[in-house]
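*Asks:* Next comes query.csv, CSV, C-alpha atoms and all ligand atoms:
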```csv
chain,number,residue,atom,x,y,z
J,1,MET,CA,0.0,0.0,0.0
J,2,GLY,CA,1.5,3.3,-1.0
J,3,TYR,CA,0.4,6.9,-1.5
J,4,ARG,CA,0.8,9.3,-4.4
J,5,VAL,CA,2.8,12.3,-3.0
J,6,ALA,CA,3.2,15.6,-4.8
J,7,VAL,CA,6.1,17.8,-3.4
J,8,VAL,CA,5.4,21.5,-4.3
J,9,GLY,CA,8.5,23.7,-4.1
J,10,ALA,CA,10.6,20.7,-4.7
J,11,THR,CA,13.7,22.6,-5.9
J,12,GLY,CA,13.8,24.8,-2.8
J,13,ALA,CA,15.6,24.3,0.5
J,14,VAL,CA,12.6,22.8,2.3
J,15,GLY,CA,11.3,20.9,-0.8
J,16,ARG,CA,14.6,19.1,-1.3
J,17,GLU,CA,14.7,18.1,2.3
J,18,MET,CA,11.1,16.8,2.1
J,19,ILE,CA,12.0,14.5,-0.8
J,20,LYS,CA,15.1,13.3,1.1
J,21,THR,CA,13.1,12.8,4.3
J,22,LEU,CA,10.3,10.8,2.5
J,23,ALA,CA,13.0,8.4,1.2
J,24,GLU,CA,15.0,8.2,4.5
J,25,ARG,CA,11.9,7.3,6.5
J,26,ASN,CA,10.6,4.9,3.9
J,27,PHE,CA,7.3,6.7,3.7
J,28,PRO,CA,5.0,4.5,1.7
J,29,VAL,CA,5.2,6.2,-1.6
J,30,SER,CA,3.6,4.6,-4.7
J,31,ASP,CA,4.3,7.6,-6.9
J,32,ILE,CA,6.0,11.0,-6.3
J,33,ALA,CA,5.9,14.2,-8.3
J,34,ALA,CA,8.4,17.1,-7.9
J,35,LEU,CA,6.7,20.5,-8.7
J,36,ALA,CA,8.1,24.0,-8.8
J,37,SER,CA,7.8,27.1,-11.0
J,38,GLY,CA,8.0,26.9,-14.8
J,39,ARG,CA,11.6,28.2,-14.3
J,40,SER,CA,12.7,24.8,-13.0
J,41,ALA,CA,10.7,22.5,-15.2
J,42,GLY,CA,12.9,19.6,-16.1
J,43,THR,CA,15.3,20.0,-13.2
J,44,GLU,CA,16.4,16.6,-11.9
J,45,ILE,CA,16.1,15.7,-8.2
J,46,SER,CA,17.1,12.3,-6.7
J,47,PHE,CA,14.6,10.4,-4.7
J,48,GLY,CA,16.3,7.7,-2.7
J,49,GLU,CA,19.2,5.9,-4.3
J,50,HIS,CA,17.6,4.7,-7.5
J,51,ARG,CA,15.1,7.3,-8.7
J,52,VAL,CA,15.5,10.6,-10.4
J,53,LEU,CA,12.5,12.9,-10.6
J,54,LYS,CA,12.0,15.5,-13.3
J,55,THR,CA,10.6,18.7,-11.9
J,56,GLN,CA,7.2,19.7,-13.4
J,57,ASN,CA,5.5,23.1,-13.6
J,58,LEU,CA,3.0,23.5,-10.7
J,59,GLU,CA,0.8,25.7,-12.9
J,60,LYS,CA,0.1,22.9,-15.3
J,61,PHE,CA,-0.2,20.1,-12.7
J,62,ASP,CA,-3.5,18.2,-12.2
J,63,PHE,CA,-3.8,17.0,-8.6
J,64,ARG,CA,-6.6,14.6,-9.3
J,65,GLY,CA,-5.6,11.1,-8.0
J,66,TRP,CA,-2.9,12.5,-5.8
J,67,ASP,CA,-3.2,11.7,-2.1
J,68,ILE,CA,-0.9,14.1,-0.4
J,69,GLY,CA,0.6,17.5,-1.3
J,70,LEU,CA,3.6,18.6,0.7
J,71,PHE,CA,3.7,22.3,-0.1
J,72,SER,CA,6.6,24.8,0.4
J,73,PRO,CA,6.4,27.2,-2.6
J,74,GLY,CA,6.0,30.4,-0.6
J,75,ALA,CA,2.8,31.8,1.0
J,76,SER,CA,1.3,33.6,-2.1
J,77,VAL,CA,1.7,30.4,-4.3
J,78,SER,CA,0.2,28.1,-1.6
J,79,ALA,CA,-2.7,30.6,-1.3
J,80,ILE,CA,-3.6,29.8,-4.9
J,81,HIS,CA,-2.6,26.2,-5.4
J,82,ALA,CA,-3.3,24.5,-2.1
J,83,PRO,CA,-7.1,25.1,-2.4
J,84,ARG,CA,-6.8,23.9,-6.0
J,85,ALA,CA,-5.2,20.7,-4.8
J,86,VAL,CA,-7.8,20.2,-2.0
J,87,GLU,CA,-10.5,20.7,-4.6
J,88,ALA,CA,-9.0,17.8,-6.5
J,89,GLY,CA,-9.2,15.5,-3.5
J,90,CYS,CA,-5.6,15.9,-2.3
J,91,ILE,CA,-4.7,16.4,1.4
J,92,VAL,CA,-2.3,19.4,1.7
J,93,ILE,CA,0.4,19.8,4.4
J,94,ASP,CA,1.5,23.4,3.9
J,95,ASN,CA,4.8,24.8,5.2
J,96,THR,CA,4.1,28.4,4.4
J,97,SER,CA,2.6,30.9,6.8
J,98,HIS,CA,-0.6,31.4,4.7
J,99,PHE,CA,-3.1,29.1,6.4
J,100,ARG,CA,-1.5,28.8,9.9
J,101,MET,CA,-3.8,31.1,11.8
J,102,ASP,CA,-7.0,30.0,9.9
J,103,PRO,CA,-9.3,28.6,12.7
J,104,ASN,CA,-10.4,25.8,10.4
J,105,VAL,CA,-6.8,24.7,9.6
J,106,PRO,CA,-5.0,22.5,12.2
J,107,LEU,CA,-1.5,23.8,13.0
J,108,VAL,CA,0.3,20.7,14.1
J,109,VAL,CA,3.5,19.4,15.7
J,110,PRO,CA,3.0,15.7,16.1
J,111,GLU,CA,4.9,15.4,19.4
J,112,VAL,CA,3.0,18.4,20.8
J,113,ASN,CA,-0.7,18.5,19.6
J,114,PRO,CA,-1.5,15.4,17.6
J,115,GLU,CA,-5.1,15.8,19.0
J,116,ALA,CA,-5.5,18.7,16.5
J,117,LEU,CA,-5.7,16.0,13.8
J,118,HIS,CA,-8.5,13.9,15.4
J,119,GLY,CA,-11.4,13.8,13.1
J,120,PHE,CA,-9.5,15.3,10.2
J,121,ARG,CA,-11.0,14.1,7.0
J,122,GLY,CA,-9.4,16.2,4.3
J,123,GLY,CA,-8.3,19.7,3.4
J,124,ILE,CA,-5.2,21.7,4.6
J,125,ILE,CA,-3.0,21.1,7.6
J,126,ALA,CA,-0.4,23.8,8.4
J,127,ASN,CA,3.1,23.2,9.5
J,128,PRO,CA,4.2,25.9,12.0
J,129,ASN,CA,7.1,28.4,11.7
J,130,CYS,CA,10.5,26.7,12.0
J,131,SER,CA,11.4,28.5,15.3
J,132,THR,CA,8.0,27.9,16.7
J,133,ILE,CA,8.3,24.2,16.0
J,134,GLN,CA,11.5,23.6,17.9
J,135,MET,CA,10.4,25.9,20.7
J,136,VAL,CA,7.1,24.1,21.4
J,137,VAL,CA,8.8,20.7,21.2
J,138,ALA,CA,11.0,21.8,24.1
J,139,LEU,CA,8.2,23.6,26.0
J,140,LYS,CA,5.6,20.7,25.8
J,141,PRO,CA,7.1,18.4,28.5
J,142,LEU,CA,7.8,21.4,30.7
J,143,HIS,CA,4.2,22.7,30.3
J,144,ASP,CA,2.7,19.3,30.9
J,145,GLU,CA,4.5,18.9,34.2
J,146,PHE,CA,5.0,22.4,35.6
J,147,LYS,CA,2.5,24.7,33.7
J,148,ILE,CA,4.2,27.6,31.9
J,149,LYS,CA,3.0,31.2,32.5
J,150,ARG,CA,5.4,33.2,30.4
J,151,VAL,CA,8.2,32.7,27.8
J,152,VAL,CA,10.8,35.2,26.7
J,153,VAL,CA,12.8,34.0,23.7
J,154,ALA,CA,15.6,35.4,21.5
J,155,THR,CA,16.3,33.4,18.3
J,156,TYR,CA,19.5,33.0,16.4
J,157,GLN,CA,18.1,31.9,13.0
J,158,SER,CA,20.3,30.5,10.2
J,159,VAL,CA,20.1,31.9,6.6
J,160,SER,CA,18.5,28.7,5.2
J,161,GLY,CA,15.4,29.9,7.0
J,162,ALA,CA,15.3,32.4,4.1
J,163,GLY,CA,15.6,29.6,1.5
J,164,LYS,CA,18.2,28.7,-1.0
J,165,GLU,CA,18.8,32.4,-2.0
J,166,GLY,CA,19.5,33.2,1.7
J,167,MET,CA,22.2,30.6,1.8
J,168,ASP,CA,23.7,31.9,-1.5
J,169,GLU,CA,23.8,35.4,-0.1
J,170,LEU,CA,25.7,34.4,3.0
J,171,PHE,CA,28.2,32.6,0.8
J,172,ALA,CA,28.5,35.6,-1.6
J,173,ASN,CA,28.8,38.2,1.1
J,174,SER,CA,31.4,36.2,3.0
J,175,ARG,CA,33.5,35.9,-0.2
J,176,ALA,CA,33.0,39.6,-0.9
J,177,PHE,CA,34.4,40.4,2.5
J,178,TYR,CA,37.6,38.5,1.9
J,179,VAL,CA,38.2,39.9,-1.6
J,180,ASN,CA,37.1,43.4,-0.6
J,181,ASP,CA,34.2,43.5,-3.1
J,182,PRO,CA,31.2,45.7,-2.4
J,183,VAL,CA,28.2,44.0,-0.7
J,184,THR,CA,24.6,44.5,-1.9
J,185,PRO,CA,22.1,43.0,0.5
J,186,GLN,CA,19.1,41.4,-1.3
J,187,GLN,CA,17.4,38.7,0.8
J,188,PHE,CA,18.5,40.4,4.0
J,189,THR,CA,18.3,44.1,4.9
J,190,LYS,CA,22.0,44.4,5.8
J,191,ASN,CA,25.2,42.5,5.1
J,192,ILE,CA,24.7,39.1,6.7
J,193,ALA,CA,28.4,38.0,6.6
J,194,PHE,CA,30.1,38.4,10.0
J,195,ASN,CA,27.0,40.2,11.3
J,196,VAL,CA,23.7,39.6,13.0
J,197,ILE,CA,20.4,41.3,12.0
J,198,PRO,CA,17.6,41.8,14.5
J,199,HIS,CA,14.9,41.7,11.8
J,200,ILE,CA,13.1,38.7,10.1
J,201,ASP,CA,10.0,39.3,7.9
J,202,SER,CA,8.1,42.6,7.8
J,203,PHE,CA,7.6,45.1,10.7
J,204,MET,CA,4.2,45.2,12.5
J,205,ASP,CA,2.5,48.4,13.9
J,206,ASP,CA,3.7,47.6,17.5
J,207,GLY,CA,7.3,47.5,16.5
J,208,SER,CA,7.7,43.7,16.5
J,209,THR,CA,8.3,41.8,13.3
J,210,LYS,CA,6.0,39.3,11.7
J,211,GLU,CA,8.4,36.4,12.6
J,212,GLU,CA,8.2,37.4,16.2
J,213,TRP,CA,4.4,37.7,16.0
J,214,LYS,CA,4.3,34.2,14.4
J,215,MET,CA,6.1,32.7,17.4
J,216,VAL,CA,3.6,34.3,19.8
J,217,VAL,CA,0.3,33.4,18.1
J,218,GLU,CA,1.4,30.0,16.8
J,219,THR,CA,2.6,28.9,20.3
J,220,LYS,CA,-0.8,29.9,21.7
J,221,LYS,CA,-2.6,28.0,19.0
J,222,ILE,CA,-0.5,24.8,19.4
J,223,LEU,CA,0.3,24.7,23.1
J,224,ASP,CA,-1.9,26.9,25.2
J,225,PRO,CA,-3.6,30.3,24.6
J,226,ASN,CA,-2.8,31.3,28.2
J,227,ILE,CA,1.0,31.3,27.8
J,228,ALA,CA,2.4,34.8,27.4
J,229,VAL,CA,5.2,34.9,24.8
J,230,MET,CA,7.7,37.7,23.9
J,231,ALA,CA,10.1,37.0,21.1
J,232,THR,CA,13.1,38.8,19.5
J,233,CYS,CA,14.1,37.1,16.2
J,234,VAL,CA,17.6,37.5,14.8
J,235,ARG,CA,19.2,36.3,11.6
J,236,VAL,CA,22.8,35.0,12.1
J,237,PRO,CA,25.5,34.0,9.6
J,238,VAL,CA,25.0,30.2,10.0
J,239,PHE,CA,23.9,28.1,7.1
J,240,ILE,CA,21.6,25.5,8.8
J,241,GLY,CA,20.2,25.3,12.3
J,242,HIS,CA,18.3,27.7,14.5
J,243,ALA,CA,19.2,28.3,18.1
J,244,LEU,CA,16.9,29.8,20.8
J,245,ALA,CA,17.8,31.3,24.2
J,246,LEU,CA,14.7,30.7,26.3
J,247,HIS,CA,13.6,32.2,29.6
J,248,VAL,CA,10.5,30.4,30.9
J,249,GLU,CA,8.4,31.3,34.0
J,250,PHE,CA,6.3,28.6,35.6
J,251,GLU,CA,3.3,28.6,38.0
J,252,ARG,CA,5.4,26.9,40.7
J,253,PRO,CA,9.1,26.7,41.6
J,254,VAL,CA,11.0,24.3,39.3
J,255,ALA,CA,14.6,23.1,40.0
J,256,PRO,CA,16.9,22.8,37.0
J,257,GLY,CA,17.2,19.1,37.8
J,258,GLU,CA,13.4,18.7,37.6
J,259,ALA,CA,13.3,20.5,34.2
J,260,ARG,CA,16.2,18.3,32.9
J,261,ALA,CA,14.3,15.2,34.0
J,262,ALA,CA,11.1,16.3,32.3
J,263,LEU,CA,13.0,17.0,29.1
J,264,ARG,CA,15.0,13.8,29.1
J,265,GLY,CA,13.2,11.1,27.3
J,266,ALA,CA,10.5,13.4,25.9
J,267,PRO,CA,9.7,12.7,22.3
J,268,GLY,CA,11.9,14.6,19.7
J,269,ILE,CA,14.3,16.0,22.4
J,270,ALA,CA,17.9,15.2,23.2
J,271,VAL,CA,19.4,16.8,26.3
J,272,THR,CA,23.1,17.7,25.9
J,273,ASP,CA,23.9,19.6,29.1
J,274,VAL,CA,27.3,19.2,30.7
J,275,ARG,CA,28.6,22.2,32.5
J,276,GLU,CA,32.0,22.2,30.9
J,277,ASP,CA,33.7,23.5,27.7
J,278,GLY,CA,31.7,22.3,24.7
J,279,GLY,CA,29.0,20.6,26.9
J,280,TYR,CA,26.2,22.0,24.8
J,281,ALA,CA,24.8,21.7,21.3
J,282,THR,CA,25.4,24.2,18.5
J,283,PRO,CA,23.7,24.6,15.1
J,284,THR,CA,26.4,23.2,12.9
J,285,GLU,CA,26.5,20.1,15.0
J,286,VAL,CA,22.7,19.4,14.8
J,287,ALA,CA,22.3,20.1,11.0
J,288,GLY,CA,21.0,16.9,9.6
J,289,GLU,CA,19.6,15.7,12.9
J,290,ASP,CA,16.0,15.0,13.7
J,291,ASN,CA,15.9,15.9,17.4
J,292,VAL,CA,15.7,19.3,19.1
J,293,TYR,CA,18.7,19.6,21.4
J,294,VAL,CA,18.4,21.3,24.8
J,295,SER,CA,21.4,22.6,26.7
J,296,ARG,CA,22.5,25.1,29.4
J,297,ILE,CA,19.5,24.4,31.7
J,298,ARG,CA,19.7,26.7,34.7
J,299,ARG,CA,17.7,28.7,37.1
J,300,ASP,CA,16.6,32.2,36.1
J,301,PRO,CA,16.7,34.1,39.4
J,302,THR,CA,15.2,37.3,37.9
J,303,VAL,CA,11.6,36.0,38.0
J,304,PRO,CA,9.8,34.0,40.8
J,305,ASN,CA,9.8,30.5,39.1
J,306,GLY,CA,12.2,30.8,36.2
J,307,ILE,CA,14.3,28.4,34.2
J,308,ALA,CA,16.6,29.4,31.3
J,309,PHE,CA,17.9,27.1,28.6
J,310,TRP,CA,19.4,26.9,25.1
J,311,CYS,CA,17.6,25.0,22.4
J,312,VAL,CA,19.0,24.1,18.9
J,313,GLY,CA,17.4,22.3,15.9
J,314,ASP,CA,17.7,21.8,12.2
J,315,ASN,CA,15.2,24.3,10.7
J,316,LEU,CA,15.0,22.4,7.4
J,317,ARG,CA,14.3,19.1,9.1
J,318,LYS,CA,12.2,19.3,12.3
J,319,GLY,CA,11.6,23.0,11.5
J,320,ALA,CA,10.0,22.1,8.2
J,321,ALA,CA,10.4,18.9,6.2
J,322,LEU,CA,10.5,16.3,9.0
J,323,ASN,CA,7.5,17.8,10.8
J,324,ALA,CA,5.5,17.8,7.5
J,325,VAL,CA,6.4,14.1,6.9
J,326,GLN,CA,5.5,13.2,10.5
J,327,ILE,CA,2.1,14.8,10.0
J,328,ALA,CA,1.6,12.6,6.9
J,329,GLU,CA,2.7,9.6,8.9
J,330,THR,CA,0.2,10.5,11.6
J,331,LEU,CA,-2.6,10.7,9.0
J,332,VAL,CA,-1.6,7.3,7.6
J,333,ALA,CA,-1.6,5.8,11.1
J,334,GLN,CA,-5.1,7.3,11.7
J,335,GLY,CA,-6.4,5.7,8.5
J,336,VAL,CA,-7.4,9.1,7.0
J,337,PHE,CA,-6.6,8.0,3.5
J,338,ALA,CA,-8.5,4.8,3.8
J,339,ARG,CA,-11.5,6.7,5.0
J,340,GLN,CA,-11.2,9.2,2.1
J,341,ALA,CA,-11.0,6.3,-0.4
J,342,ALA,CA,-14.1,4.6,1.2
N,1,LIG,N1,13.6,27.4,5.1
N,1,LIG,C1,13.0,27.1,6.2
N,1,LIG,O1,13.7,26.9,7.3
N,1,LIG,C2,11.5,27.1,6.3
N,1,LIG,C3,10.9,26.5,7.5
N,1,LIG,C4,9.5,26.5,7.6
N,1,LIG,C5,8.8,27.0,6.5
N,1,LIG,N2,9.4,27.6,5.4
N,1,LIG,C6,8.5,28.1,4.4
N,1,LIG,O2,8.6,27.2,3.3
N,1,LIG,C7,8.5,28.0,2.0
N,1,LIG,C8,9.6,27.7,1.1
N,1,LIG,O3,10.8,27.9,1.8
N,1,LIG,P1,12.2,27.5,1.2
N,1,LIG,O4,13.2,27.8,2.3
N,1,LIG,O5,12.2,26.1,0.7
N,1,LIG,O6,12.4,28.5,0.0
N,1,LIG,P2,13.3,28.4,-1.3
N,1,LIG,O7,14.5,27.7,-1.1
N,1,LIG,O8,13.4,29.8,-1.9
N,1,LIG,O9,12.4,27.5,-2.3
N,1,LIG,C9,11.1,28.0,-2.8
N,1,LIG,C10,10.5,26.9,-3.7
N,1,LIG,O10,9.2,27.4,-4.1
N,1,LIG,C11,9.2,27.3,-5.6
N,1,LIG,N3,8.4,28.4,-6.1
N,1,LIG,C12,8.6,29.7,-6.0
N,1,LIG,N4,7.7,30.4,-6.7
N,1,LIG,C13,6.9,29.4,-7.3
N,1,LIG,C14,5.7,29.5,-8.1
N,1,LIG,N5,5.2,30.6,-8.6
N,1,LIG,N6,5.2,28.3,-8.5
N,1,LIG,C15,5.7,27.1,-8.1
N,1,LIG,N7,6.8,27.0,-7.3
N,1,LIG,C16,7.3,28.2,-6.9
N,1,LIG,C17,10.6,27.4,-6.0
N,1,LIG,O11,10.8,26.9,-7.3
N,1,LIG,P3,11.8,27.5,-8.4
N,1,LIG,O12,13.1,26.8,-8.0
N,1,LIG,O13,11.2,27.1,-9.7
N,1,LIG,O14,11.9,29.0,-8.2
N,1,LIG,C18,11.3,26.5,-4.9
N,1,LIG,O15,11.1,25.2,-5.2
N,1,LIG,C19,8.4,29.5,2.5
N,1,LIG,O16,7.0,29.8,2.5
N,1,LIG,C20,9.0,29.4,3.9
N,1,LIG,O17,8.5,30.5,4.7
N,1,LIG,C21,10.7,27.6,5.3
```
Please render this file's structure as structure tokens.
*Replies:*
Amino acid sequence: MGYRVAVVGATGAVGREMIKTLAERNFPVSDIAALASGRSAGTEISFGEHRVLKTQNLEKFDFRGWDIGLFSPGASVSAIHAPRAVEAGCIVIDNTSHFRMDPNVPLVVPEVNPEALHGFRGGIIANPNCSTIQMVVALKPLHDEFKIKRVVVATYQSVSGAGKEGMDELFANSRAFYVNDPVTPQQFTKNIAFNVIPHIDSFMDDGSTKEEWKMVVETKKILDPNIAVMATCVRVPVFIGHALALHVEFERPVAPGEARAALRGAPGIAVTDVREDGGYATPTEVAGEDNVYVSRIRRDPTVPNGIAFWCVGDNLRKGAALNAVQIAETLVAQGVFARQAA
């Protein structure tokens, strides 16, 4: 038994990772299509060791007969083509921000709120923002055990969060620095090489950025509307892997050892927390890994019941592709496709 899977945005940073993840996890695929813009029609992408897919133009693609659409072509493109795919009977798992806050669309991290998929029969499921995903994976076991009141987070987000062109720009700007060439920022607002930029996505009226807003509202939708969240999102010159510095306030006192015990063994989490040189995880070490890594767990004495910690994850895997494939695996386990076919 296999499923017909269409990967939309297949030539991008997330799309390529989705195709890789489907093969690595032996997702039951009976047929697979790689779709992107007309610009990349014909581009070849490997699927597993033995298959090469020829990218097709999304505009001309007919979704009838396809079971699952894994979408990451950008918000404005998903806005048009995800409903078209659903209309044709395909279940869409969308990585863009377009549908996330729609009250009729489940926003899902399988380790955190699988219940959001109960009773799902078809339509669109949204994959949260990459920083939100890794944050809620780490917060979930803490919230279940100690009840979180407030979270203050600063992110250190890699350039792959801005797609393949973001990665190219870090490479080009770094090279320009060494050969003394002028730098012209395009994907980022300032030179990203040897710099950090406290600005991701557009500015909102209250002075926060849309990336920061996403972390606030998505966390409330996924985990608990009563948790207060304040985020500062920063782009850093790292190719893959986002890091978060988190300050969490609980309803009751929590010792660092209790927090460590709750995090250890929780699904999707690895605790790397040795109080010595190098006894913590960094983005370049976790690139390519599935888990979210938690380090530097310690008391935050500036609030009544505070714990601070460091959290690192691969934004292209758990922050995007892996989470989407895990959602598809959950649907298979729930028999959603069998019900659809019936
Ligand atoms: N990168 C991350 O960490 C991350 C995490 C979570 C969510 N996301 C979201 O996922 C989406 C894609 O991100 P990305 O990092 O993969 O970007 P990317 O590397 O720039 O890739 C974009 C993909 O979309 C395709 N595309 C662009 N315009 C299209 C159109 N008009 N019709 C069909 N396909 C089109 C591109 O195809 P061509 O090659 O033909 O241009 C490419 O395959 C964004 O909405 C992003 O916010 C990204």
*Asks:* Which residue out of J:Ala138, J:Val7, J:Val14, J:Ile45 has the minimum interatomic distance to Thr219 in chain J when all atoms listed in the file are used?
*Replies:*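 Closest to Thr219 in chain J, using all atoms listed in the file: J:Ala138.
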*Asks:* Identify which of the residues J:Gly2, J:Gly89, J:Gly123, J:Gly313 lies closest to ligand LIG 1 (chain N), counting only C-alpha atoms and all ligand atoms when measuring atom-to-atom distances.
*Replies:*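 Of J:Gly2, J:Gly89, J:Gly123, J:Gly313, the one nearest ligand LIG 1 (chain N), counting only C-alpha atoms and all ligand atoms, is J:Gly313.
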*Asks:* When you draw a straight line from CA of Thr132 in chain J to CA of Ser97 in chain J, how long is it in Å?
*Replies:*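 Atom-to-atom, CA of Thr132 in chain J to CA of Ser97 in chain J, that is 11.7 Å.
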*Asks:* Nearest residue to Gly12 in chain J out of J:Asp290, J:Glu165, J:Asp102, J:Glu44, using all atoms listed in the file?
*Replies:* J:Glu165
*Asks:* Given the point (19.1, 41.4, 13.0) in the coordinates of this file, which residues lie within 8 Å, counting only C-alpha atoms, and how would they look as JSON, numbers by chain?
*Replies:* {"J": [196, 197, 198, 199, 200, 233, 234, 235, 236]}
*Asks:* Would you mind listing the residues within 7 Å of ligand LIG 1 (chain N), counting only C-alpha atoms and all ligand atoms, as a short mmCIF file (atom, residue, chain, number, x, y, z; two decimals) with C-alpha atoms, keeping the file's coordinate frame?
*Replies:*
```cif
data_model
loop_
_atom_site.label_atom_id
_atom_site.label_comp_id
_atom_site.auth_asym_id
_atom_site.auth_seq_id
_atom_site.Cartn_x
_atom_site.Cartn_y
_atom_site.Cartn_z
CA VAL J 8 5.40 21.50 -4.30
CA GLY J 9 8.50 23.70 -4.10
CA ALA J 10 10.60 20.70 -4.70
CA THR J 11 13.70 22.60 -5.90
CA GLY J 12 13.80 24.80 -2.80
CA ALA J 13 15.60 24.30 0.50
CA VAL J 14 12.60 22.80 2.30
CA GLY J 15 11.30 20.90 -0.80
CA LEU J 35 6.70 20.50 -8.70
CA ALA J 36 8.10 24.00 -8.80
CA SER J 37 7.80 27.10 -11.00
CA GLY J 38 8.00 26.90 -14.80
CA ARG J 39 11.60 28.20 -14.30
CA SER J 40 12.70 24.80 -13.00
CA ASN J 57 5.50 23.10 -13.60
CA LEU J 58 3.00 23.50 -10.70
CA GLU J 59 0.80 25.70 -12.90
CA SER J 72 6.60 24.80 0.40
CA PRO J 73 6.40 27.20 -2.60
CA GLY J 74 6.00 30.40 -0.60
CA ALA J 75 2.80 31.80 1.00
CA VAL J 77 1.70 30.40 -4.30
CA ASN J 95 4.80 24.80 5.20
CA THR J 96 4.10 28.40 4.40
CA SER J 97 2.60 30.90 6.80
CA PRO J 128 4.20 25.90 12.00
CA ASN J 129 7.10 28.40 11.70
CA CYS J 130 10.50 26.70 12.00
CA SER J 160 18.50 28.70 5.20
CA GLY J 161 15.40 29.90 7.00
CA ALA J 162 15.30 32.40 4.10
CA GLY J 163 15.60 29.60 1.50
CA LYS J 164 18.20 28.70 -1.00
CA GLU J 165 18.80 32.40 -2.00
CA ASN J 315 15.20 24.30 10.70
CA LEU J 316 15.00 22.40 7.40
CA GLY J 319 11.60 23.00 11.50
CA ALA J 320 10.00 22.10 8.20
#
```
*Asks:* Which of these residues is nearest to Asn323 in chain J, using only C-alpha atoms: J:Ala6, J:Leu244, J:Met230, J:Ile93?
*Replies:*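 Residue with the minimum atom-to-atom distance to Asn323 in chain J: J:Ile93.
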*Asks:* Around the point (19.1, 35.7, 0.4), in the coordinates given by the file, pick out the residues reaching within 7 Å, counting only C-alpha atoms, and return them as an mmCIF file with C-alpha atoms, in the coordinates of the input.
*Replies:*
```cif
data_model
loop_
_atom_site.group_PDB
_atom_site.id
_atom_site.type_symbol
_atom_site.label_atom_id
_atom_site.label_comp_id
_atom_site.auth_asym_id
_atom_site.auth_seq_id
_atom_site.Cartn_x
_atom_site.Cartn_y
_atom_site.Cartn_z
ATOM 1 C CA ALA J 162 15.300 32.400 4.100
ATOM 2 C CA GLU J 165 18.800 32.400 -2.000
ATOM 3 C CA GLY J 166 19.500 33.200 1.700
ATOM 4 C CA MET J 167 22.200 30.600 1.800
ATOM 5 C CA ASP J 168 23.700 31.900 -1.500
ATOM 6 C CA GLU J 169 23.800 35.400 -0.100
ATOM 7 C CA GLN J 186 19.100 41.400 -1.300
ATOM 8 C CA GLN J 187 17.400 38.700 0.800
ATOM 9 C CA PHE J 188 18.500 40.400 4.000
#
```
*Asks:* So what do you get for CA of Leu107 in chain J versus CA of Arg296 in chain J, distance-wise?
*Replies:* 29.1 Å
*Asks:* Return the single residue from J:Phe194, J:Trp213, J:Phe309, J:Phe171 that is closest to Phe239 in chain J, with distances computed using all atoms listed in the file.
*Replies:* J:Phe171
*Asks:* Can you tell me, as an MDAnalysis selection string, what residues are no more than 9 Å from range 115-119 of chain J when counting all atoms listed in the file, ignoring any on the same chain fewer than 2 positions away?
*Replies:* chainID J and resid 106:108 110 112:113 121 125 222 327 330:331 334 336
*Asks:* Grab the CA of Gly122 in chain J to CA of Phe27 in chain J distance for me, in Å with one decimal place.
*Replies:* 19.2 Å
*Asks:* Hey, which of J:Val332, J:Ala261, J:Ala287, J:His247 ends up closest to Ile91 in chain J? Count all atoms listed in the file.
*Replies:*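 Once distances to Ile91 in chain J are computed over all atoms listed in the file, the minimum belongs to J:Val332.
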*Asks:* So that all listed atoms of range 133-152 of chain J fit with 3 Å spare on each side, what axis-aligned box centre and edge lengths in Å, to one decimal, would you give as lines of an AutoDock Vina configuration file?
*Replies:*
```
center_x = 7.0
center_y = 26.8
center_z = 25.8
size_x = 15.0
size_y = 22.8
size_z = 25.6
```
*Asks:* Val29 in chain J: which residues within 7 Å, counting all atoms listed in the file, same-chain residues fewer than 4 positions away excluded, as a ChimeraX atom specification?
*Replies:* /J:2-5
*Asks:* I'd like the neighbourhood of Val238 in chain J as a list in words, where a residue qualifies if any of its atoms comes within 8 Å (using all atoms listed in the file), though same-chain residues fewer than 6 positions away should be ignored.
*Replies:*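 Neighbouring residues, sequence-local ones excluded: Gln157, Ser158, Val159, Pro283 and Thr284 of chain J.
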*Asks:* Save out the residues we just selected, C-alpha atoms, as an mmCIF file, keeping the file's coordinate frame.
*Replies:*
```cif
data_model
loop_
_atom_site.group_PDB
_atom_site.id
_atom_site.type_symbol
_atom_site.label_atom_id
_atom_site.label_comp_id
_atom_site.auth_asym_id
_atom_site.auth_seq_id
_atom_site.Cartn_x
_atom_site.Cartn_y
_atom_site.Cartn_z
ATOM 1 C CA GLN J 157 18.100 31.900 13.000
ATOM 2 C CA SER J 158 20.300 30.500 10.200
ATOM 3 C CA VAL J 159 20.100 31.900 6.600
ATOM 4 C CA PRO J 283 23.700 24.600 15.100
ATOM 5 C CA THR J 284 26.400 23.200 12.900
#
```
*Asks:* Within 12 Å of Pro225 in chain J, counting all atoms listed in the file, which residues show up once you throw out same-chain ones fewer than 6 positions away? Write them as a tab-separated table (two decimals) with C-alpha atoms, in the coordinates of the input, please.
*Replies:*
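Once everything was written out, this is around13.tsv:
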```tsv
chain	number	residue	atom	x	y	z
J	148	ILE	CA	4.20	27.60	31.90
J	149	LYS	CA	3.00	31.20	32.50
J	150	ARG	CA	5.40	33.20	30.40
J	216	VAL	CA	3.60	34.30	19.80
J	217	VAL	CA	0.30	33.40	18.10
J	218	GLU	CA	1.40	30.00	16.80
J	219	THR	CA	2.60	28.90	20.30
```
*Asks:* Residues near range 269-278 of chain J, anyone? I mean within 10 Å using all atoms listed in the file, not counting same-chain ones fewer than 2 positions away, as a list in words.
*Replies:*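 In the requested form, the answer reads Glu111, Gln134, Val137, Ala138, Pro141, Arg260, Ala261, Leu263, Arg264, Gly265, Ala266, Pro267, Tyr280, Ala281, Thr282, Asp290, Asn291, Val292, Tyr293, Val294, Ser295, Arg296, Ile297, Arg298, Phe309, Trp310, Cys311, Val312 and Gly313 of chain J.
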